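S.K.: I'm passing along target.txt; it holds compact mmCIF, C-alpha atoms and all ligand atoms.
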```
# COMPACT_ATOMS: atom_id res chain seq x y z
CA MET A 293 -8.48 -2.02 17.85
CA VAL A 294 -7.49 -1.79 14.19
CA LYS A 295 -8.41 -4.72 11.95
CA ALA A 296 -6.15 -6.82 9.76
CA VAL A 297 -6.14 -5.86 6.09
CA ILE A 298 -4.40 -8.18 3.64
CA ASP A 299 -3.42 -6.29 0.55
CA PRO A 300 -1.85 -8.26 -2.35
CA SER A 301 0.44 -6.14 -4.53
CA VAL A 302 -0.46 -6.70 -8.19
CA LEU A 303 3.08 -5.83 -9.27
CA ALA A 304 3.82 -9.54 -8.80
CA SER A 305 0.72 -10.67 -10.73
CA ASP A 306 0.38 -11.64 -14.38
CA LEU A 307 -0.11 -8.08 -15.60
CA SER A 308 -1.30 -9.31 -19.00
CA ASP A 309 -4.40 -10.53 -17.17
CA LEU A 310 -4.67 -7.91 -14.44
CA ALA A 311 -8.44 -7.86 -13.92
CA ALA A 312 -8.60 -11.65 -13.61
CA GLU A 313 -5.68 -11.57 -11.17
CA CYS A 314 -7.51 -9.00 -9.01
CA LYS A 315 -10.66 -11.10 -9.11
CA ARG A 316 -8.66 -14.15 -8.06
CA MET A 317 -7.40 -12.19 -5.02
CA VAL A 318 -10.93 -11.13 -4.01
CA GLU A 319 -12.01 -14.77 -4.26
CA SER A 320 -9.00 -15.79 -2.17
CA GLY A 321 -10.05 -13.52 0.68
CA ALA A 322 -7.96 -10.39 0.07
CA ASP A 323 -9.39 -7.24 1.62
CA TRP A 324 -7.82 -4.77 -0.80
CA CYS A 325 -5.57 -4.88 -3.88
CA HIS A 326 -2.44 -2.76 -3.74
CA MET A 327 -1.74 -1.00 -7.06
CA ASP A 328 1.77 0.42 -7.45
CA VAL A 329 1.63 3.44 -9.73
CA MET A 330 5.20 4.36 -10.78
CA ASP A 331 6.17 7.21 -13.09
CA GLY A 332 9.80 6.42 -13.95
CA ASN A 333 10.75 9.65 -12.22
CA PHE A 334 10.20 9.32 -8.46
CA VAL A 335 11.34 5.70 -8.86
CA PRO A 336 13.39 4.04 -11.62
CA ASN A 337 10.49 1.95 -12.91
CA ILE A 338 7.20 2.44 -14.77
CA THR A 339 4.01 0.47 -14.20
CA PHE A 340 0.51 1.69 -15.02
CA GLY A 341 -1.74 4.66 -14.41
CA PRO A 342 -5.37 5.85 -14.41
CA PRO A 343 -6.47 4.27 -17.76
CA VAL A 344 -5.46 0.82 -16.57
CA LEU A 345 -7.01 1.38 -13.12
CA ALA A 346 -10.27 2.43 -14.78
CA CYS A 347 -10.37 -0.82 -16.80
CA VAL A 348 -9.78 -2.90 -13.67
CA ASN A 349 -12.50 -0.99 -11.85
CA LYS A 350 -14.93 -1.66 -14.66
CA ALA A 351 -14.12 -5.36 -14.74
CA VAL A 352 -14.00 -5.87 -10.94
CA PRO A 353 -16.20 -3.14 -9.41
CA GLU A 354 -16.19 -4.80 -5.99
CA LEU A 355 -12.41 -4.39 -5.72
CA TYR A 356 -10.98 -1.96 -3.15
CA MET A 357 -8.15 -0.39 -5.17
CA ASP A 358 -5.45 0.83 -2.78
CA ILE A 359 -3.15 3.10 -4.78
CA HIS A 360 0.50 3.48 -3.84
CA ALA A 361 1.61 6.46 -5.89
CA MET A 362 5.36 6.44 -6.42
CA VAL A 363 5.25 9.57 -8.51
CA ALA A 364 7.15 12.85 -8.49
CA ASN A 365 4.05 15.04 -8.56
CA PRO A 366 1.45 13.28 -6.40
CA LYS A 367 -1.18 16.02 -6.55
CA GLN A 368 -1.27 15.94 -10.36
CA TRP A 369 -2.71 12.42 -10.53
CA VAL A 370 -5.35 12.69 -7.79
CA PRO A 371 -8.35 13.65 -10.01
CA ASP A 372 -7.68 10.97 -12.65
CA VAL A 373 -7.01 8.24 -10.09
CA ALA A 374 -10.22 9.13 -8.24
CA LYS A 375 -12.15 9.09 -11.50
CA ALA A 376 -10.70 5.65 -12.24
CA GLY A 377 -12.46 4.32 -9.15
CA ALA A 378 -9.67 4.10 -6.56
CA LYS A 379 -10.71 3.97 -2.93
CA SER A 380 -7.49 5.18 -1.36
CA TYR A 381 -4.46 7.13 -2.52
CA THR A 382 -1.14 6.99 -0.75
CA PHE A 383 1.66 9.33 -1.82
CA HIS A 384 5.26 9.71 -0.70
CA TYR A 385 6.34 12.23 1.91
CA GLU A 386 9.60 12.58 -0.05
CA ALA A 387 7.76 13.66 -3.21
CA THR A 388 6.24 16.91 -1.98
CA ASP A 389 6.89 20.06 0.03
CA SER A 390 3.23 20.45 0.86
CA PRO A 391 1.74 17.16 2.10
CA ALA A 392 -1.27 18.99 3.57
CA ASP A 393 -2.24 20.21 0.08
CA VAL A 394 -2.04 16.72 -1.40
CA ILE A 395 -4.06 15.27 1.49
CA ALA A 396 -6.74 17.94 1.07
CA SER A 397 -7.00 17.20 -2.64
CA ILE A 398 -7.27 13.43 -2.08
CA LYS A 399 -10.12 13.98 0.38
CA GLU A 400 -11.87 16.47 -1.88
CA HIS A 401 -11.89 13.77 -4.54
CA GLY A 402 -13.58 11.32 -2.19
CA MET A 403 -10.67 8.96 -1.51
CA LYS A 404 -9.00 7.89 1.73
CA ALA A 405 -5.62 9.55 2.12
CA GLY A 406 -2.35 7.84 2.95
CA ILE A 407 1.23 9.02 3.31
CA ALA A 408 4.29 6.81 2.78
CA ILE A 409 7.84 7.04 4.08
CA SER A 410 10.80 5.42 2.31
CA PRO A 411 13.46 3.58 4.34
CA GLU A 412 15.71 6.67 4.65
CA THR A 413 12.93 8.87 6.09
CA PRO A 414 12.50 8.88 9.88
CA SER A 415 9.07 8.44 11.44
CA SER A 416 9.46 11.87 13.04
CA ALA A 417 8.84 13.32 9.56
CA ILE A 418 5.19 12.43 10.14
CA THR A 419 4.07 15.26 12.41
CA GLU A 420 0.99 14.95 14.61
CA GLU A 421 -0.83 17.23 12.19
CA ILE A 422 -0.04 15.12 9.11
CA GLY A 423 -0.61 11.81 10.88
CA ASN A 424 -3.97 12.85 12.27
CA SER A 425 -5.18 14.11 8.90
CA VAL A 426 -4.68 10.82 7.00
CA ASP A 427 -6.34 7.41 7.17
CA LEU A 428 -3.21 5.39 6.51
CA LEU A 429 0.50 5.57 7.23
CA LEU A 430 2.75 3.46 4.99
CA VAL A 431 6.18 2.42 6.21
CA MET A 432 8.21 1.05 3.30
CA THR A 433 10.25 -2.00 4.24
CA VAL A 434 12.24 -1.96 0.98
CA ARG A 435 13.41 0.85 -1.28
CA PRO A 436 10.42 1.75 -3.49
CA GLY A 437 10.49 0.75 -7.16
CA PHE A 438 10.61 -3.02 -7.45
CA GLY A 439 8.95 -6.15 -6.12
CA GLY A 440 10.81 -9.16 -4.80
CA GLN A 441 13.33 -7.30 -2.62
CA LYS A 442 14.58 -8.29 0.81
CA PHE A 443 12.60 -7.12 3.84
CA MET A 444 14.39 -4.49 5.99
CA PRO A 445 13.49 -5.34 9.62
CA GLU A 446 15.07 -2.12 10.94
CA CYS A 447 12.10 -0.20 9.46
CA LEU A 448 9.79 -1.78 12.05
CA GLU A 449 11.05 0.63 14.73
CA LYS A 450 9.24 3.31 12.76
CA VAL A 451 6.07 1.23 12.73
CA ALA A 452 6.24 0.94 16.52
CA ASP A 453 6.73 4.67 16.93
CA LEU A 454 3.82 5.50 14.61
CA ARG A 455 1.54 2.96 16.30
CA LYS A 456 2.26 4.58 19.66
CA ARG A 457 1.49 8.04 18.33
CA PHE A 458 -1.47 7.07 16.12
CA PRO A 459 -3.25 4.18 17.85
CA SER A 460 -6.34 4.15 15.64
CA LYS A 461 -4.80 4.65 12.18
CA ASN A 462 -4.19 2.03 9.53
CA ILE A 463 -0.46 1.34 9.51
CA GLN A 464 0.71 -0.39 6.36
CA VAL A 465 3.99 -2.15 5.63
CA ASP A 466 5.15 -2.83 2.08
CA GLY A 467 8.14 -4.73 0.73
CA GLY A 468 9.38 -8.25 1.31
CA ILE A 469 6.39 -9.17 3.49
CA GLY A 470 5.00 -12.71 3.68
CA ALA A 471 3.67 -15.31 6.08
CA GLY A 472 7.18 -15.68 7.58
CA ASN A 473 7.46 -12.11 8.89
CA ALA A 474 3.79 -11.06 9.15
CA CYS A 475 3.83 -11.73 12.91
CA GLN A 476 6.87 -9.52 13.40
CA CYS A 477 5.16 -6.71 11.46
CA ALA A 478 1.92 -7.11 13.43
CA GLN A 479 3.79 -7.13 16.73
CA ALA A 480 5.45 -3.85 15.80
CA GLY A 481 1.98 -2.40 15.21
CA SER A 482 1.15 -2.84 11.55
CA ASN A 483 -2.37 -3.97 10.59
CA VAL A 484 -2.26 -3.53 6.78
CA LEU A 485 0.09 -6.03 5.18
CA VAL A 486 1.05 -5.63 1.51
CA ALA A 487 2.52 -8.71 -0.17
CA GLY A 488 3.28 -9.21 -3.84
CA THR A 489 5.69 -12.10 -4.35
CA ALA A 490 4.50 -13.97 -1.24
CA ILE A 491 0.84 -14.05 -2.32
CA PHE A 492 0.99 -14.18 -6.13
CA GLY A 493 3.90 -16.61 -5.94
CA SER A 494 2.04 -18.86 -3.53
CA LYS A 495 0.62 -22.21 -4.68
CA ASP A 496 -2.31 -21.50 -2.39
CA PRO A 497 -2.94 -17.74 -2.11
CA LYS A 498 -6.04 -18.34 -0.02
CA ALA A 499 -4.00 -20.16 2.65
CA THR A 500 -1.24 -17.54 2.56
CA ILE A 501 -3.77 -14.72 2.98
CA HIS A 502 -5.43 -16.62 5.83
CA GLU A 503 -2.10 -17.23 7.55
CA MET A 504 -1.09 -13.58 7.24
CA ARG A 505 -4.45 -12.43 8.58
CA SER A 506 -4.10 -14.71 11.62
CA SER A 507 -0.74 -13.06 12.38
CA VAL A 508 -2.52 -9.73 12.90
CA ASP A 509 -5.91 -10.75 14.31
CA GLY A 510 -4.62 -13.75 16.29
C1 LIG B 601 7.73 -1.69 -4.19
C2 LIG B 601 6.24 -1.76 -4.14
C3 LIG B 601 5.69 -2.95 -3.45
C4 LIG B 601 6.05 -4.26 -4.08
C5 LIG B 601 6.03 -5.32 -3.03
O1 LIG B 601 8.09 -0.44 -4.62
O2 LIG B 601 5.73 -0.63 -3.46
O3 LIG B 601 4.28 -2.84 -3.29
O4 LIG B 601 5.19 -4.62 -5.12
O5 LIG B 601 6.47 -6.51 -3.59
P1 LIG B 601 7.00 -7.71 -2.71
O6 LIG B 601 5.91 -8.09 -1.76
O7 LIG B 601 7.29 -8.74 -3.72
O8 LIG B 601 8.21 -7.23 -1.97
ZN ZN B 602 3.64 -0.61 -2.94
```
Output the file's structure as structure tokens, nothing else.
Ligand code: DX5
Ligand code: ZN

M.R.:
Amino acid sequence: MVKAVIDPSVLASDLSDLAAECKRMVESGADWCHMDVMDGNFVPNITFGPPVLACVNKAVPELYMDIHAMVANPKQWVPDVAKAGAKSYTFHYEATDSPADVIASIKEHGMKAGIAISPETPSSAITEEIGNSVDLLLVMTVRPGFGGQKFMPECLEKVADLRKRFPSKNIQVDGGIGAGNACQCAQAGSNVLVAGTAIFGSKDPKATIHEMRSSVDG
């Protein structure tokens, strides 16, 4: 049985105080911190990259940095992101013609590999070969690029399909997730829940994280 992983997305944090925000999440019971790296090319937004990740890693070495790379050339950033201390690197299926190459490079650099699909991409795009070679499958439940968007429940059919085909993998959902729909996501088969607005916007992040975890673990 896969375990619940609660993964606050720092995009919704006070980015002027990023390391402290990550520390606050660790103290609130978060398992990982989800770091959205955007290049202004694959998505119409820019966030941060390896130099910022390296600073966070230095300030909060205990943090499990889960990188969601929304970049046009995912292989290019693998060495620098690994060097910055990231534990896992998830790239978009839509961003490359050779996912196997990117996966091999991520592993060579000592990180866990993940592959993401945007709302328009069917779950059948993830072949048995790709799915079995990664640690994590990310099903986007909003269009990538911005926090605070509305959850797209129709994407959960893809979660169910992937859970059936890959029973022991981490299956992550990202976009518009919170305590209100965590159960629905877990029932479809997701065990890694990303939440930006719902956790950083919460008056009591610890309680929100606890509630979300209970939705998966029961
Ligand atoms: C969107 C990002 C998400 C985003 C989630 O492109 O990948 O991680 O920060 O934010 P919320 O939880 O606010 O929808
Ligand atoms: Zn993300």

S.K.: When you look at segment 426-431 of chain A with a cut-off of 10 Å (counting all atoms listed in the file), what residues show up, excluding the ones that are within fewer than 4 positions of it in the same chain? I need them as a PyMOL selection string.

M.R.: chain A and resi 360+380-385+392+395-396+398-399+403-411+413-415+418+421-422+447-451+454-455+458+460-467+482+484-486

S.K.: Step by step, measure atom-to-atom distances between ligand ZN 602 (chain B) and each residue using all atoms listed in the file, keep those at most 9 Å, then write them as a tab-separated table (two decimals) with C-alpha atoms, keeping the file's coordinate frame.

M.R.:
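Final output, saved to selection29.tsv:
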```tsv
chain	number	residue	atom	x	y	z
A	301	SER	CA	0.44	-6.14	-4.53
A	303	LEU	CA	3.08	-5.83	-9.27
A	326	HIS	CA	-2.44	-2.76	-3.74
A	327	MET	CA	-1.74	-1.00	-7.06
A	328	ASP	CA	1.77	0.42	-7.45
A	329	VAL	CA	1.63	3.44	-9.73
A	359	ILE	CA	-3.15	3.10	-4.78
A	360	HIS	CA	0.50	3.48	-3.84
A	361	ALA	CA	1.61	6.46	-5.89
A	362	MET	CA	5.36	6.44	-6.42
A	430	LEU	CA	2.75	3.46	4.99
A	432	MET	CA	8.21	1.05	3.30
A	436	PRO	CA	10.42	1.75	-3.49
A	437	GLY	CA	10.49	0.75	-7.16
A	438	PHE	CA	10.61	-3.02	-7.45
A	439	GLY	CA	8.95	-6.15	-6.12
A	465	VAL	CA	3.99	-2.15	5.63
A	466	ASP	CA	5.15	-2.83	2.08
A	467	GLY	CA	8.14	-4.73	0.73
A	486	VAL	CA	1.05	-5.63	1.51
A	487	ALA	CA	2.52	-8.71	-0.17
A	488	GLY	CA	3.28	-9.21	-3.84
```

S.K.: What is the distance between atom CA of Glu503 of chain A and atom CA of Gln479 of chain A, in Å to one decimal?

M.R.: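 Taking atom CA of Glu503 of chain A and atom CA of Gln479 of chain A, their separation equals 14.9 Å.
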
S.K.: Enclose the full set of atoms of ligand LIG 601 (chain B) listed in the file within a box whose edges lie along x, y and z, apply 5 Å of padding to each of the six sides, and report centre and edge lengths in Å to one decimal as AutoDock Vina command-line options.

M.R.:
```
--center_x 6.2 --center_y -4.6 --center_z -3.4 --size_x 13.9 --size_y 18.3 --size_z 13.4
```

S.K.: Taking only C-alpha atoms and all ligand atoms into account, which of A:Val302, A:Val394, A:Leu307, A:Val352 comes nearest ligand LIG 601 (chain B)?

M.R.: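 The closest residue to ligand LIG 601 (chain B) is A:Val302.
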
S.K.: Quick one, how far is atom CA of Trp324 of chain A from atom CA of Asp389 of chain A?

M.R.: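 The value is 28.9 Å.
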
S.K.: Would you kindly return, as a list in words, each protein, DNA or RNA residue with an atom no farther than 6 Å from any atom of segment 363-377 of chain A, considering only C-alpha atoms and excluding same-chain residues fewer than 4 positions away?

M.R.: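 Everything that qualifies: Met330, Asp331, Phe334, Pro342, Leu345, Ala346, Asn349, Ala387 and Val394 of chain A.
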
S.K.: For a quick check of understanding, using all atoms listed in the file, which of A:Ser416, A:Ser494, A:Ser425, A:Gln441 has the smallest distance to ligand LIG 601 (chain B)?

M.R.: A:Gln441

S.K.: Between A:Lys442, A:Ala474, A:Gly332, A:Lys498, which one has atoms that come closest to ligand LIG 601 (chain B), using all atoms listed in the file?

M.R.: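 Of A:Lys442, A:Ala474, A:Gly332, A:Lys498, the one nearest ligand LIG 601 (chain B), counting all atoms listed in the file, is A:Lys442.
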
S.K.: Tell me, in Å to one decimal, how far atom CA of Gly472 of chain A is from atom CA of Asp496 of chain A.

M.R.: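 The value is 14.9 Å.
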
S.K.: Pick from A:Pro459, A:Gly423, A:Gly493, A:Gly468: nearest to ligand LIG 601 (chain B), with only C-alpha atoms and all ligand atoms counted?

M.R.: A:Gly468

S.K.: Taking (-9.9, -3.7, -1.1) in the file's own coordinates, collect the residues within 6 Å, counting all atoms listed in the file, and hand them back as a PyMOL selection string.

M.R.: chain A and resi 323-325+355-357

S.K.: Which one is closest to Thr419 of chain A: A:Pro497, A:Ser397, A:Arg457, A:Phe340? Count all atoms listed in the file.

M.R.: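 Looking only at the distances to Thr419 of chain A, the closest residue turns out to be A:Arg457.
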
S.K.: Between A:Ala378, A:Leu310, A:Ile338, A:Ala480, which is the closest to ligand LIG 601 (chain B) once you count only C-alpha atoms and all ligand atoms?

M.R.: A:Ile338

S.K.: Which residues are near Met504 of chain A? Cut-off 8 Å, only C-alpha atoms, ignore same chain within fewer than 4 positions. Put them as a count of residues only.

M.R.: 8

S.K.: Would you mind putting N, CA and C atoms back on segment 323-359 of chain A and writing the result as a tab-separated table (two decimals), in the frame of the given file?

M.R.:
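Generated file (rebuild-v1.tsv):
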```tsv
chain	number	residue	atom	x	y	z
A	323	ASP	N	-8.51	-8.37	1.25
A	323	ASP	CA	-9.39	-7.24	1.62
A	323	ASP	C	-9.30	-6.14	0.57
A	324	TRP	N	-8.08	-5.83	0.17
A	324	TRP	CA	-7.82	-4.77	-0.80
A	324	TRP	C	-6.88	-5.34	-1.86
A	325	CYS	N	-6.68	-4.58	-2.97
A	325	CYS	CA	-5.57	-4.88	-3.88
A	325	CYS	C	-4.71	-3.62	-3.96
A	326	HIS	N	-3.41	-3.84	-3.78
A	326	HIS	CA	-2.44	-2.76	-3.74
A	326	HIS	C	-1.91	-2.54	-5.17
A	327	MET	N	-2.10	-1.32	-5.68
A	327	MET	CA	-1.74	-1.00	-7.06
A	327	MET	C	-0.60	0.01	-7.05
A	328	ASP	N	0.58	-0.43	-7.47
A	328	ASP	CA	1.77	0.42	-7.45
A	328	ASP	C	1.84	1.26	-8.72
A	329	VAL	N	1.53	2.52	-8.60
A	329	VAL	CA	1.63	3.44	-9.73
A	329	VAL	C	3.02	4.08	-9.70
A	330	MET	N	3.82	3.82	-10.74
A	330	MET	CA	5.20	4.36	-10.78
A	330	MET	C	5.38	5.16	-12.06
A	331	ASP	N	6.09	6.28	-11.95
A	331	ASP	CA	6.17	7.21	-13.09
A	331	ASP	C	7.54	7.26	-13.76
A	332	GLY	N	8.47	6.40	-13.33
A	332	GLY	CA	9.80	6.42	-13.95
A	332	GLY	C	10.60	7.65	-13.58
A	333	ASN	N	10.11	8.40	-12.60
A	333	ASN	CA	10.75	9.65	-12.22
A	333	ASN	C	11.03	9.63	-10.71
A	334	PHE	N	9.99	9.47	-9.91
A	334	PHE	CA	10.20	9.32	-8.46
A	334	PHE	C	10.93	8.02	-8.16
A	335	VAL	N	10.64	7.00	-8.96
A	335	VAL	CA	11.34	5.70	-8.86
A	335	VAL	C	11.81	5.27	-10.25
A	336	PRO	N	12.86	4.45	-10.30
A	336	PRO	CA	13.39	4.04	-11.62
A	336	PRO	C	12.63	2.87	-12.23
A	337	ASN	N	11.32	2.99	-12.32
A	337	ASN	CA	10.49	1.95	-12.91
A	337	ASN	C	9.16	2.58	-13.34
A	338	ILE	N	8.49	1.95	-14.29
A	338	ILE	CA	7.20	2.44	-14.77
A	338	ILE	C	6.21	1.29	-14.71
A	339	THR	N	5.01	1.55	-14.22
A	339	THR	CA	4.01	0.47	-14.20
A	339	THR	C	2.79	0.85	-15.02
A	340	PHE	N	1.78	1.37	-14.35
A	340	PHE	CA	0.51	1.69	-15.02
A	340	PHE	C	-0.08	2.91	-14.34
A	341	GLY	N	-1.12	3.46	-14.96
A	341	GLY	CA	-1.74	4.66	-14.41
A	341	GLY	C	-3.25	4.61	-14.53
A	342	PRO	N	-3.90	5.79	-14.45
A	342	PRO	CA	-5.37	5.85	-14.41
A	342	PRO	C	-6.11	5.05	-15.48
A	343	PRO	N	-5.68	5.03	-16.77
A	343	PRO	CA	-6.47	4.27	-17.76
A	343	PRO	C	-6.56	2.78	-17.43
A	344	VAL	N	-5.47	2.24	-16.94
A	344	VAL	CA	-5.46	0.82	-16.57
A	344	VAL	C	-6.33	0.60	-15.32
A	345	LEU	N	-6.19	1.50	-14.35
A	345	LEU	CA	-7.01	1.38	-13.12
A	345	LEU	C	-8.49	1.43	-13.46
A	346	ALA	N	-8.85	2.30	-14.40
A	346	ALA	CA	-10.27	2.43	-14.78
A	346	ALA	C	-10.79	1.13	-15.39
A	347	CYS	N	-9.96	0.46	-16.19
A	347	CYS	CA	-10.37	-0.82	-16.80
A	347	CYS	C	-10.56	-1.88	-15.73
A	348	VAL	N	-9.67	-1.91	-14.76
A	348	VAL	CA	-9.78	-2.90	-13.67
A	348	VAL	C	-11.06	-2.63	-12.89
A	349	ASN	N	-11.30	-1.36	-12.61
A	349	ASN	CA	-12.50	-0.99	-11.85
A	349	ASN	C	-13.78	-1.41	-12.56
A	350	LYS	N	-13.76	-1.28	-13.87
A	350	LYS	CA	-14.93	-1.66	-14.66
A	350	LYS	C	-15.14	-3.18	-14.62
A	351	ALA	N	-14.04	-3.90	-14.70
A	351	ALA	CA	-14.12	-5.36	-14.74
A	351	ALA	C	-14.38	-5.98	-13.37
A	352	VAL	N	-13.86	-5.33	-12.31
A	352	VAL	CA	-14.00	-5.87	-10.94
A	352	VAL	C	-14.48	-4.75	-10.01
A	353	PRO	N	-15.74	-4.32	-10.16
A	353	PRO	CA	-16.20	-3.14	-9.41
A	353	PRO	C	-16.18	-3.32	-7.89
A	354	GLU	N	-16.21	-4.56	-7.44
A	354	GLU	CA	-16.19	-4.80	-5.99
A	354	GLU	C	-14.80	-4.63	-5.37
A	355	LEU	N	-13.80	-4.47	-6.21
A	355	LEU	CA	-12.41	-4.39	-5.72
A	355	LEU	C	-12.12	-3.06	-5.01
A	356	TYR	N	-11.46	-3.15	-3.85
A	356	TYR	CA	-10.98	-1.96	-3.15
A	356	TYR	C	-9.57	-1.69	-3.68
A	357	MET	N	-9.46	-0.71	-4.59
A	357	MET	CA	-8.15	-0.39	-5.17
A	357	MET	C	-7.40	0.58	-4.25
A	358	ASP	N	-6.31	0.07	-3.70
A	358	ASP	CA	-5.45	0.83	-2.78
A	358	ASP	C	-4.24	1.30	-3.59
A	359	ILE	N	-4.21	2.59	-3.90
A	359	ILE	CA	-3.15	3.10	-4.78
A	359	ILE	C	-1.93	3.54	-3.99
```
